[in-house]
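Chemist: Contents of target_25.txt (compact mmCIF, N, CA and C atoms) are given next:
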```txt
# COMPACT_ATOMS: atom_id res chain seq x y z
N MET A 1337 119.71 102.12 115.24
CA MET A 1337 119.92 101.04 116.17
C MET A 1337 121.34 100.53 115.98
N SER A 1338 121.99 100.26 117.08
CA SER A 1338 123.37 99.79 117.00
C SER A 1338 123.41 98.34 116.55
N ASN A 1339 124.52 97.99 115.94
CA ASN A 1339 124.73 96.63 115.45
C ASN A 1339 124.68 95.64 116.60
N SER A 1340 125.20 96.03 117.75
CA SER A 1340 125.19 95.16 118.93
C SER A 1340 123.76 94.82 119.35
N ASN A 1341 122.90 95.82 119.39
CA ASN A 1341 121.50 95.59 119.76
C ASN A 1341 120.81 94.70 118.74
N LEU A 1342 121.11 94.93 117.46
CA LEU A 1342 120.51 94.11 116.41
C LEU A 1342 120.97 92.66 116.54
N GLN A 1343 122.23 92.45 116.88
CA GLN A 1343 122.73 91.10 117.09
C GLN A 1343 122.04 90.44 118.28
N GLN A 1344 121.82 91.18 119.34
CA GLN A 1344 121.13 90.63 120.51
C GLN A 1344 119.70 90.24 120.15
N LEU A 1345 119.04 91.08 119.37
CA LEU A 1345 117.67 90.76 118.95
C LEU A 1345 117.67 89.53 118.06
N HIS A 1346 118.67 89.43 117.19
CA HIS A 1346 118.77 88.26 116.31
C HIS A 1346 118.97 86.99 117.14
N LEU A 1347 119.81 87.07 118.17
CA LEU A 1347 120.03 85.92 119.04
C LEU A 1347 118.75 85.53 119.78
N LEU A 1348 117.97 86.52 120.17
CA LEU A 1348 116.68 86.22 120.81
C LEU A 1348 115.75 85.50 119.83
N CYS A 1349 115.77 85.92 118.56
CA CYS A 1349 114.97 85.25 117.54
C CYS A 1349 115.40 83.79 117.39
N VAL A 1350 116.73 83.57 117.36
CA VAL A 1350 117.26 82.21 117.23
C VAL A 1350 116.84 81.38 118.44
N GLN A 1351 116.94 81.96 119.62
CA GLN A 1351 116.56 81.25 120.85
C GLN A 1351 115.08 80.87 120.81
N MET A 1352 114.23 81.80 120.40
CA MET A 1352 112.80 81.50 120.31
C MET A 1352 112.55 80.41 119.28
N TYR A 1353 113.26 80.49 118.17
CA TYR A 1353 113.09 79.50 117.10
C TYR A 1353 113.48 78.11 117.59
N LYS A 1354 114.59 78.03 118.35
CA LYS A 1354 115.03 76.74 118.88
C LYS A 1354 114.04 76.19 119.89
N GLU A 1355 113.30 77.08 120.56
CA GLU A 1355 112.28 76.67 121.52
C GLU A 1355 110.97 76.30 120.82
N GLY A 1356 110.95 76.43 119.50
CA GLY A 1356 109.75 76.08 118.74
C GLY A 1356 108.76 77.21 118.62
N LYS A 1357 109.16 78.41 118.99
CA LYS A 1357 108.27 79.57 118.91
C LYS A 1357 108.67 80.41 117.71
N ALA A 1358 107.68 80.95 117.02
CA ALA A 1358 107.96 81.86 115.91
C ALA A 1358 108.22 83.25 116.49
N PRO A 1359 109.34 83.86 116.14
CA PRO A 1359 109.62 85.21 116.65
C PRO A 1359 108.55 86.20 116.18
N SER A 1360 108.07 87.00 117.10
CA SER A 1360 107.11 88.04 116.74
C SER A 1360 107.57 89.35 117.37
N VAL A 1361 107.04 90.43 116.85
CA VAL A 1361 107.43 91.76 117.32
C VAL A 1361 107.13 91.90 118.81
N GLY A 1362 105.96 91.51 119.23
CA GLY A 1362 105.57 91.66 120.63
C GLY A 1362 106.44 90.86 121.58
N ILE A 1363 106.66 89.60 121.22
CA ILE A 1363 107.49 88.75 122.09
C ILE A 1363 108.93 89.25 122.13
N LEU A 1364 109.44 89.64 120.96
CA LEU A 1364 110.82 90.14 120.89
C LEU A 1364 110.98 91.40 121.73
N ARG A 1365 110.02 92.30 121.65
CA ARG A 1365 110.11 93.54 122.44
C ARG A 1365 110.01 93.25 123.93
N SER A 1366 109.21 92.28 124.31
CA SER A 1366 109.05 91.99 125.74
C SER A 1366 110.24 91.25 126.31
N LYS A 1367 110.92 90.43 125.51
CA LYS A 1367 112.06 89.65 126.01
C LYS A 1367 113.39 90.40 125.93
N ALA A 1368 113.44 91.45 125.16
CA ALA A 1368 114.70 92.19 124.99
C ALA A 1368 115.09 92.88 126.30
N PRO A 1369 116.39 92.89 126.62
CA PRO A 1369 116.85 93.52 127.85
C PRO A 1369 116.96 95.05 127.74
N PHE A 1370 116.52 95.59 126.63
CA PHE A 1370 116.56 97.04 126.41
C PHE A 1370 115.31 97.43 125.63
N LYS A 1371 115.04 98.72 125.58
CA LYS A 1371 113.85 99.20 124.89
C LYS A 1371 114.03 99.02 123.38
N VAL A 1372 113.03 98.42 122.75
CA VAL A 1372 113.10 98.12 121.33
C VAL A 1372 111.90 98.74 120.63
N SER A 1373 112.15 99.49 119.56
CA SER A 1373 111.05 100.05 118.79
C SER A 1373 110.45 98.97 117.89
N VAL A 1374 109.27 99.21 117.43
CA VAL A 1374 108.60 98.26 116.55
C VAL A 1374 109.41 98.07 115.27
N THR A 1375 109.92 99.15 114.71
CA THR A 1375 110.68 99.05 113.47
C THR A 1375 111.97 98.25 113.67
N ASP A 1376 112.62 98.42 114.81
CA ASP A 1376 113.84 97.65 115.09
C ASP A 1376 113.52 96.17 115.25
N ALA A 1377 112.42 95.86 115.90
CA ALA A 1377 112.01 94.46 116.06
C ALA A 1377 111.69 93.85 114.71
N ILE A 1378 111.01 94.60 113.86
CA ILE A 1378 110.69 94.11 112.52
C ILE A 1378 111.97 93.85 111.73
N GLU A 1379 112.93 94.76 111.81
CA GLU A 1379 114.20 94.60 111.11
C GLU A 1379 114.93 93.35 111.58
N ALA A 1380 114.95 93.11 112.88
CA ALA A 1380 115.62 91.93 113.42
C ALA A 1380 114.93 90.65 112.94
N ILE A 1381 113.61 90.65 112.91
CA ILE A 1381 112.87 89.47 112.46
C ILE A 1381 113.09 89.24 110.96
N LYS A 1382 113.14 90.33 110.19
CA LYS A 1382 113.42 90.19 108.76
C LYS A 1382 114.78 89.55 108.54
N ARG A 1383 115.78 90.02 109.27
CA ARG A 1383 117.12 89.45 109.13
C ARG A 1383 117.15 88.00 109.58
N PHE A 1384 116.43 87.70 110.64
CA PHE A 1384 116.36 86.32 111.10
C PHE A 1384 115.73 85.43 110.03
N ASN A 1385 114.60 85.87 109.49
CA ASN A 1385 113.92 85.08 108.47
C ASN A 1385 114.77 84.90 107.22
N ALA A 1386 115.57 85.89 106.89
CA ALA A 1386 116.44 85.79 105.72
C ALA A 1386 117.52 84.73 105.92
N HIS A 1387 117.94 84.52 107.17
CA HIS A 1387 119.02 83.57 107.45
C HIS A 1387 118.53 82.28 108.09
N LYS A 1388 117.24 82.15 108.30
CA LYS A 1388 116.70 80.97 108.97
C LYS A 1388 117.05 79.67 108.26
N PRO A 1389 116.96 79.56 106.95
CA PRO A 1389 117.31 78.28 106.31
C PRO A 1389 118.76 77.87 106.55
N THR A 1390 119.68 78.81 106.61
CA THR A 1390 121.07 78.46 106.84
C THR A 1390 121.26 77.98 108.27
N LEU A 1391 120.44 78.45 109.21
CA LEU A 1391 120.54 78.00 110.59
C LEU A 1391 120.10 76.54 110.70
N GLU A 1392 119.15 76.13 109.90
CA GLU A 1392 118.64 74.77 109.97
C GLU A 1392 119.60 73.76 109.35
N THR A 1393 120.32 74.14 108.29
CA THR A 1393 121.08 73.17 107.51
C THR A 1393 122.57 73.16 107.78
N SER A 1394 123.13 74.23 108.32
CA SER A 1394 124.58 74.27 108.49
C SER A 1394 124.94 74.20 109.97
N SER A 1395 126.14 73.71 110.24
CA SER A 1395 126.58 73.71 111.63
C SER A 1395 127.07 75.09 112.00
N GLU A 1396 127.08 75.40 113.28
CA GLU A 1396 127.45 76.74 113.73
C GLU A 1396 128.94 77.01 113.59
N THR A 1397 129.76 75.99 113.43
CA THR A 1397 131.20 76.20 113.34
C THR A 1397 131.65 76.51 111.92
N GLN A 1398 130.84 76.19 110.91
CA GLN A 1398 131.24 76.45 109.54
C GLN A 1398 130.85 77.86 109.14
N PRO A 1399 131.80 78.60 108.51
CA PRO A 1399 131.47 79.95 108.07
C PRO A 1399 130.52 79.91 106.88
N LEU A 1400 129.80 80.98 106.69
CA LEU A 1400 128.90 81.11 105.56
C LEU A 1400 129.52 82.07 104.55
N PRO A 1401 130.26 81.56 103.58
CA PRO A 1401 131.02 82.43 102.69
C PRO A 1401 130.18 83.47 101.97
N GLN A 1402 129.03 83.09 101.44
CA GLN A 1402 128.21 84.04 100.71
C GLN A 1402 127.71 85.15 101.64
N THR A 1403 127.29 84.77 102.83
CA THR A 1403 126.81 85.75 103.80
C THR A 1403 127.94 86.67 104.22
N GLU A 1404 129.12 86.09 104.45
CA GLU A 1404 130.26 86.91 104.85
C GLU A 1404 130.63 87.91 103.78
N ARG A 1405 130.59 87.48 102.51
CA ARG A 1405 130.90 88.41 101.42
C ARG A 1405 129.88 89.52 101.37
N LYS A 1406 128.61 89.19 101.54
CA LYS A 1406 127.55 90.19 101.51
C LYS A 1406 127.73 91.17 102.67
N ASP A 1407 127.99 90.64 103.87
CA ASP A 1407 128.20 91.50 105.03
C ASP A 1407 129.42 92.39 104.83
N HIS A 1408 130.48 91.83 104.25
CA HIS A 1408 131.70 92.60 104.03
C HIS A 1408 131.45 93.74 103.05
N SER A 1409 130.72 93.47 101.97
CA SER A 1409 130.45 94.53 101.00
C SER A 1409 129.55 95.62 101.59
N VAL A 1410 128.59 95.21 102.41
CA VAL A 1410 127.72 96.19 103.06
C VAL A 1410 128.52 97.06 104.02
N LEU A 1411 129.38 96.42 104.81
CA LEU A 1411 130.21 97.17 105.76
C LEU A 1411 131.20 98.07 105.04
N SER A 1412 131.78 97.59 103.95
CA SER A 1412 132.72 98.41 103.19
C SER A 1412 132.03 99.65 102.65
N ALA A 1413 130.84 99.48 102.12
CA ALA A 1413 130.08 100.62 101.60
C ALA A 1413 129.74 101.59 102.72
N ARG A 1414 129.39 101.07 103.87
CA ARG A 1414 129.05 101.92 105.00
C ARG A 1414 130.27 102.71 105.49
N VAL A 1415 131.43 102.03 105.57
CA VAL A 1415 132.66 102.70 105.99
C VAL A 1415 133.01 103.81 105.00
N GLU A 1416 132.87 103.51 103.71
CA GLU A 1416 133.18 104.53 102.71
C GLU A 1416 132.26 105.74 102.85
N ALA A 1417 130.97 105.49 103.08
CA ALA A 1417 130.02 106.60 103.25
C ALA A 1417 130.37 107.41 104.49
N LEU A 1418 130.74 106.74 105.58
CA LEU A 1418 131.10 107.46 106.80
C LEU A 1418 132.39 108.26 106.61
N GLU A 1419 133.35 107.70 105.90
CA GLU A 1419 134.59 108.43 105.63
C GLU A 1419 134.31 109.69 104.81
N ASN A 1420 133.40 109.58 103.84
CA ASN A 1420 133.03 110.75 103.04
C ASN A 1420 132.36 111.81 103.91
N GLU A 1421 131.49 111.38 104.81
CA GLU A 1421 130.83 112.33 105.70
C GLU A 1421 131.84 113.02 106.62
N VAL A 1422 132.80 112.28 107.15
CA VAL A 1422 133.82 112.86 108.02
C VAL A 1422 134.63 113.89 107.24
N ALA A 1423 135.02 113.56 106.01
CA ALA A 1423 135.79 114.50 105.19
C ALA A 1423 134.98 115.77 104.94
N GLU A 1424 133.68 115.61 104.67
CA GLU A 1424 132.83 116.77 104.44
C GLU A 1424 132.70 117.62 105.71
N LEU A 1425 132.56 116.98 106.85
CA LEU A 1425 132.48 117.70 108.12
C LEU A 1425 133.78 118.45 108.41
N LYS A 1426 134.92 117.82 108.12
CA LYS A 1426 136.21 118.48 108.33
C LYS A 1426 136.33 119.73 107.46
N ARG A 1427 135.90 119.61 106.19
CA ARG A 1427 135.94 120.78 105.30
C ARG A 1427 135.06 121.90 105.84
N ALA A 1428 133.84 121.55 106.27
CA ALA A 1428 132.92 122.55 106.80
C ALA A 1428 133.48 123.19 108.07
N LEU A 1429 134.07 122.40 108.94
CA LEU A 1429 134.66 122.92 110.16
C LEU A 1429 135.83 123.85 109.87
N LYS A 1430 136.63 123.48 108.89
CA LYS A 1430 137.78 124.31 108.51
C LYS A 1430 137.32 125.66 107.96
N GLN A 1431 136.25 125.62 107.16
CA GLN A 1431 135.69 126.86 106.62
C GLN A 1431 135.16 127.74 107.74
N ILE A 1432 134.51 127.15 108.71
CA ILE A 1432 133.96 127.92 109.81
C ILE A 1432 135.08 128.54 110.64
N THR A 1433 136.10 127.77 110.94
CA THR A 1433 137.17 128.28 111.81
C THR A 1433 138.06 129.28 111.10
N THR A 1434 138.30 129.12 109.82
CA THR A 1434 139.14 130.09 109.09
C THR A 1434 138.34 131.31 108.67
N GLY A 1435 137.05 131.20 108.59
CA GLY A 1435 136.20 132.33 108.19
C GLY A 1435 135.98 133.32 109.32
N GLN A 1436 136.30 132.96 110.56
CA GLN A 1436 136.04 133.86 111.68
C GLN A 1436 137.21 134.72 112.00
```
Give the structure from this file in structure tokens form.
Modeler:
Amino acid sequence: MSNSNLQQLHLLCVQMYKEGKAPSVGILRSKAPFKVSVTDAIEAIKRFNAHKPTLETSSETQPLPQTERKDHSVLSARVEALENEVAELKRALKQITTGQ
């Protein structure tokens, strides 16, 4: 699932929460503007529930330093993994093209 879709699902969870409704898989899937699998809906609700207390106590204009650091480290690890995969693919492609 793309990060953009996950963000949209998270925003739907926030919207439902502000309306006084508890986000659920069924409601999230029905309100989403795109097709959502059950596992993706569950992931979005898990992320929402993990950040729900910060939504209640902090203003939307203040950054969340701990969350930002966590997100940054996760993204850094993901970028590093993707760079390693690209390097491996380049090596494999080079072997294929030079071997012929």
Chemist: In Å to one decimal, how far is atom CA of Phe1384 of chain A from atom N of Gln1351 of chain A?
Modeler: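 Interatomic distance, atom N of Gln1351 of chain A to atom CA of Phe1384 of chain A: 9.6 Å.
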Chemist: List every residue of chain A that DSSP, applied to the backbone of this structure, places in helix (DSSP H, G or I), and write the result as an MDAnalysis selection string.
Modeler: chainID A and resid 1339:1354 1361:1367 1374:1393 1401:1435
Chemist: Would you give the centre and edge lengths, in Å to one decimal, of a box along x, y and z around the listed atoms of segment 1339-1346 of chain A, with 6 Å added to each side, as lines of an AutoDock Vina configuration file?
Modeler:
```
center_x = 121.4
center_y = 92.5
center_z = 118.0
size_x = 19.5
size_y = 23.0
size_z = 17.1
```
Chemist: Fix up segment 1358-1382 of chain A with N, CA, C and O atoms, then write it as a PDB file, in the coordinates of the input.
Modeler:
```pdb
ATOM      1  N   ALA A1358     107.680  80.950 117.020  1.00  0.00           N
ATOM      2  CA  ALA A1358     107.960  81.860 115.910  1.00  0.00           C
ATOM      3  C   ALA A1358     108.220  83.250 116.490  1.00  0.00           C
ATOM      4  O   ALA A1358     107.407  83.763 117.270  1.00  0.00           O
ATOM      5  N   PRO A1359     109.340  83.860 116.140  1.00  0.00           N
ATOM      6  CA  PRO A1359     109.620  85.210 116.650  1.00  0.00           C
ATOM      7  C   PRO A1359     108.550  86.200 116.180  1.00  0.00           C
ATOM      8  O   PRO A1359     108.170  86.187 115.018  1.00  0.00           O
ATOM      9  N   SER A1360     108.070  87.000 117.100  1.00  0.00           N
ATOM     10  CA  SER A1360     107.110  88.040 116.740  1.00  0.00           C
ATOM     11  C   SER A1360     107.570  89.350 117.370  1.00  0.00           C
ATOM     12  O   SER A1360     108.380  89.367 118.296  1.00  0.00           O
ATOM     13  N   VAL A1361     107.040  90.430 116.850  1.00  0.00           N
ATOM     14  CA  VAL A1361     107.430  91.760 117.320  1.00  0.00           C
ATOM     15  C   VAL A1361     107.130  91.900 118.810  1.00  0.00           C
ATOM     16  O   VAL A1361     107.978  92.354 119.589  1.00  0.00           O
ATOM     17  N   GLY A1362     105.960  91.510 119.230  1.00  0.00           N
ATOM     18  CA  GLY A1362     105.570  91.660 120.630  1.00  0.00           C
ATOM     19  C   GLY A1362     106.440  90.860 121.580  1.00  0.00           C
ATOM     20  O   GLY A1362     106.909  91.375 122.597  1.00  0.00           O
ATOM     21  N   ILE A1363     106.660  89.600 121.220  1.00  0.00           N
ATOM     22  CA  ILE A1363     107.490  88.750 122.090  1.00  0.00           C
ATOM     23  C   ILE A1363     108.930  89.250 122.130  1.00  0.00           C
ATOM     24  O   ILE A1363     109.550  89.314 123.184  1.00  0.00           O
ATOM     25  N   LEU A1364     109.440  89.640 120.960  1.00  0.00           N
ATOM     26  CA  LEU A1364     110.820  90.140 120.890  1.00  0.00           C
ATOM     27  C   LEU A1364     110.980  91.400 121.730  1.00  0.00           C
ATOM     28  O   LEU A1364     111.951  91.532 122.485  1.00  0.00           O
ATOM     29  N   ARG A1365     110.020  92.300 121.650  1.00  0.00           N
ATOM     30  CA  ARG A1365     110.110  93.540 122.440  1.00  0.00           C
ATOM     31  C   ARG A1365     110.010  93.250 123.930  1.00  0.00           C
ATOM     32  O   ARG A1365     110.674  93.899 124.733  1.00  0.00           O
ATOM     33  N   SER A1366     109.210  92.280 124.310  1.00  0.00           N
ATOM     34  CA  SER A1366     109.050  91.990 125.740  1.00  0.00           C
ATOM     35  C   SER A1366     110.240  91.250 126.310  1.00  0.00           C
ATOM     36  O   SER A1366     110.569  91.416 127.486  1.00  0.00           O
ATOM     37  N   LYS A1367     110.920  90.430 125.510  1.00  0.00           N
ATOM     38  CA  LYS A1367     112.060  89.650 126.010  1.00  0.00           C
ATOM     39  C   LYS A1367     113.390  90.400 125.930  1.00  0.00           C
ATOM     40  O   LYS A1367     114.352  89.986 126.560  1.00  0.00           O
ATOM     41  N   ALA A1368     113.440  91.450 125.160  1.00  0.00           N
ATOM     42  CA  ALA A1368     114.700  92.190 124.990  1.00  0.00           C
ATOM     43  C   ALA A1368     115.090  92.880 126.300  1.00  0.00           C
ATOM     44  O   ALA A1368     114.229  93.409 127.011  1.00  0.00           O
ATOM     45  N   PRO A1369     116.390  92.890 126.620  1.00  0.00           N
ATOM     46  CA  PRO A1369     116.850  93.520 127.850  1.00  0.00           C
ATOM     47  C   PRO A1369     116.960  95.050 127.740  1.00  0.00           C
ATOM     48  O   PRO A1369     117.439  95.698 128.648  1.00  0.00           O
ATOM     49  N   PHE A1370     116.520  95.590 126.630  1.00  0.00           N
ATOM     50  CA  PHE A1370     116.560  97.040 126.410  1.00  0.00           C
ATOM     51  C   PHE A1370     115.310  97.430 125.630  1.00  0.00           C
ATOM     52  O   PHE A1370     114.598  96.579 125.109  1.00  0.00           O
ATOM     53  N   LYS A1371     115.040  98.720 125.580  1.00  0.00           N
ATOM     54  CA  LYS A1371     113.850  99.200 124.890  1.00  0.00           C
ATOM     55  C   LYS A1371     114.030  99.020 123.380  1.00  0.00           C
ATOM     56  O   LYS A1371     115.053  99.401 122.827  1.00  0.00           O
ATOM     57  N   VAL A1372     113.030  98.420 122.750  1.00  0.00           N
ATOM     58  CA  VAL A1372     113.100  98.120 121.330  1.00  0.00           C
ATOM     59  C   VAL A1372     111.900  98.740 120.630  1.00  0.00           C
ATOM     60  O   VAL A1372     110.755  98.537 121.053  1.00  0.00           O
ATOM     61  N   SER A1373     112.150  99.490 119.560  1.00  0.00           N
ATOM     62  CA  SER A1373     111.050 100.050 118.790  1.00  0.00           C
ATOM     63  C   SER A1373     110.450  98.970 117.890  1.00  0.00           C
ATOM     64  O   SER A1373     111.084  97.949 117.624  1.00  0.00           O
ATOM     65  N   VAL A1374     109.270  99.210 117.430  1.00  0.00           N
ATOM     66  CA  VAL A1374     108.600  98.260 116.550  1.00  0.00           C
ATOM     67  C   VAL A1374     109.410  98.070 115.270  1.00  0.00           C
ATOM     68  O   VAL A1374     109.590  96.944 114.807  1.00  0.00           O
ATOM     69  N   THR A1375     109.920  99.150 114.710  1.00  0.00           N
ATOM     70  CA  THR A1375     110.680  99.050 113.470  1.00  0.00           C
ATOM     71  C   THR A1375     111.970  98.250 113.670  1.00  0.00           C
ATOM     72  O   THR A1375     112.370  97.490 112.789  1.00  0.00           O
ATOM     73  N   ASP A1376     112.620  98.420 114.810  1.00  0.00           N
ATOM     74  CA  ASP A1376     113.840  97.650 115.090  1.00  0.00           C
ATOM     75  C   ASP A1376     113.520  96.170 115.250  1.00  0.00           C
ATOM     76  O   ASP A1376     114.266  95.308 114.771  1.00  0.00           O
ATOM     77  N   ALA A1377     112.420  95.860 115.900  1.00  0.00           N
ATOM     78  CA  ALA A1377     112.010  94.460 116.060  1.00  0.00           C
ATOM     79  C   ALA A1377     111.690  93.850 114.710  1.00  0.00           C
ATOM     80  O   ALA A1377     112.091  92.706 114.417  1.00  0.00           O
ATOM     81  N   ILE A1378     111.010  94.600 113.860  1.00  0.00           N
ATOM     82  CA  ILE A1378     110.690  94.110 112.520  1.00  0.00           C
ATOM     83  C   ILE A1378     111.970  93.850 111.730  1.00  0.00           C
ATOM     84  O   ILE A1378     112.099  92.829 111.058  1.00  0.00           O
ATOM     85  N   GLU A1379     112.930  94.760 111.810  1.00  0.00           N
ATOM     86  CA  GLU A1379     114.200  94.600 111.110  1.00  0.00           C
ATOM     87  C   GLU A1379     114.930  93.350 111.580  1.00  0.00           C
ATOM     88  O   GLU A1379     115.458  92.581 110.775  1.00  0.00           O
ATOM     89  N   ALA A1380     114.950  93.110 112.880  1.00  0.00           N
ATOM     90  CA  ALA A1380     115.620  91.930 113.420  1.00  0.00           C
ATOM     91  C   ALA A1380     114.930  90.650 112.940  1.00  0.00           C
ATOM     92  O   ALA A1380     115.603  89.674 112.570  1.00  0.00           O
ATOM     93  N   ILE A1381     113.610  90.650 112.910  1.00  0.00           N
ATOM     94  CA  ILE A1381     112.870  89.470 112.460  1.00  0.00           C
ATOM     95  C   ILE A1381     113.090  89.240 110.960  1.00  0.00           C
ATOM     96  O   ILE A1381     113.243  88.109 110.518  1.00  0.00           O
ATOM     97  N   LYS A1382     113.140  90.330 110.190  1.00  0.00           N
ATOM     98  CA  LYS A1382     113.420  90.190 108.760  1.00  0.00           C
ATOM     99  C   LYS A1382     114.780  89.550 108.540  1.00  0.00           C
ATOM    100  O   LYS A1382     114.933  88.651 107.713  1.00  0.00           O
TER     101      LYS A1382
END
```
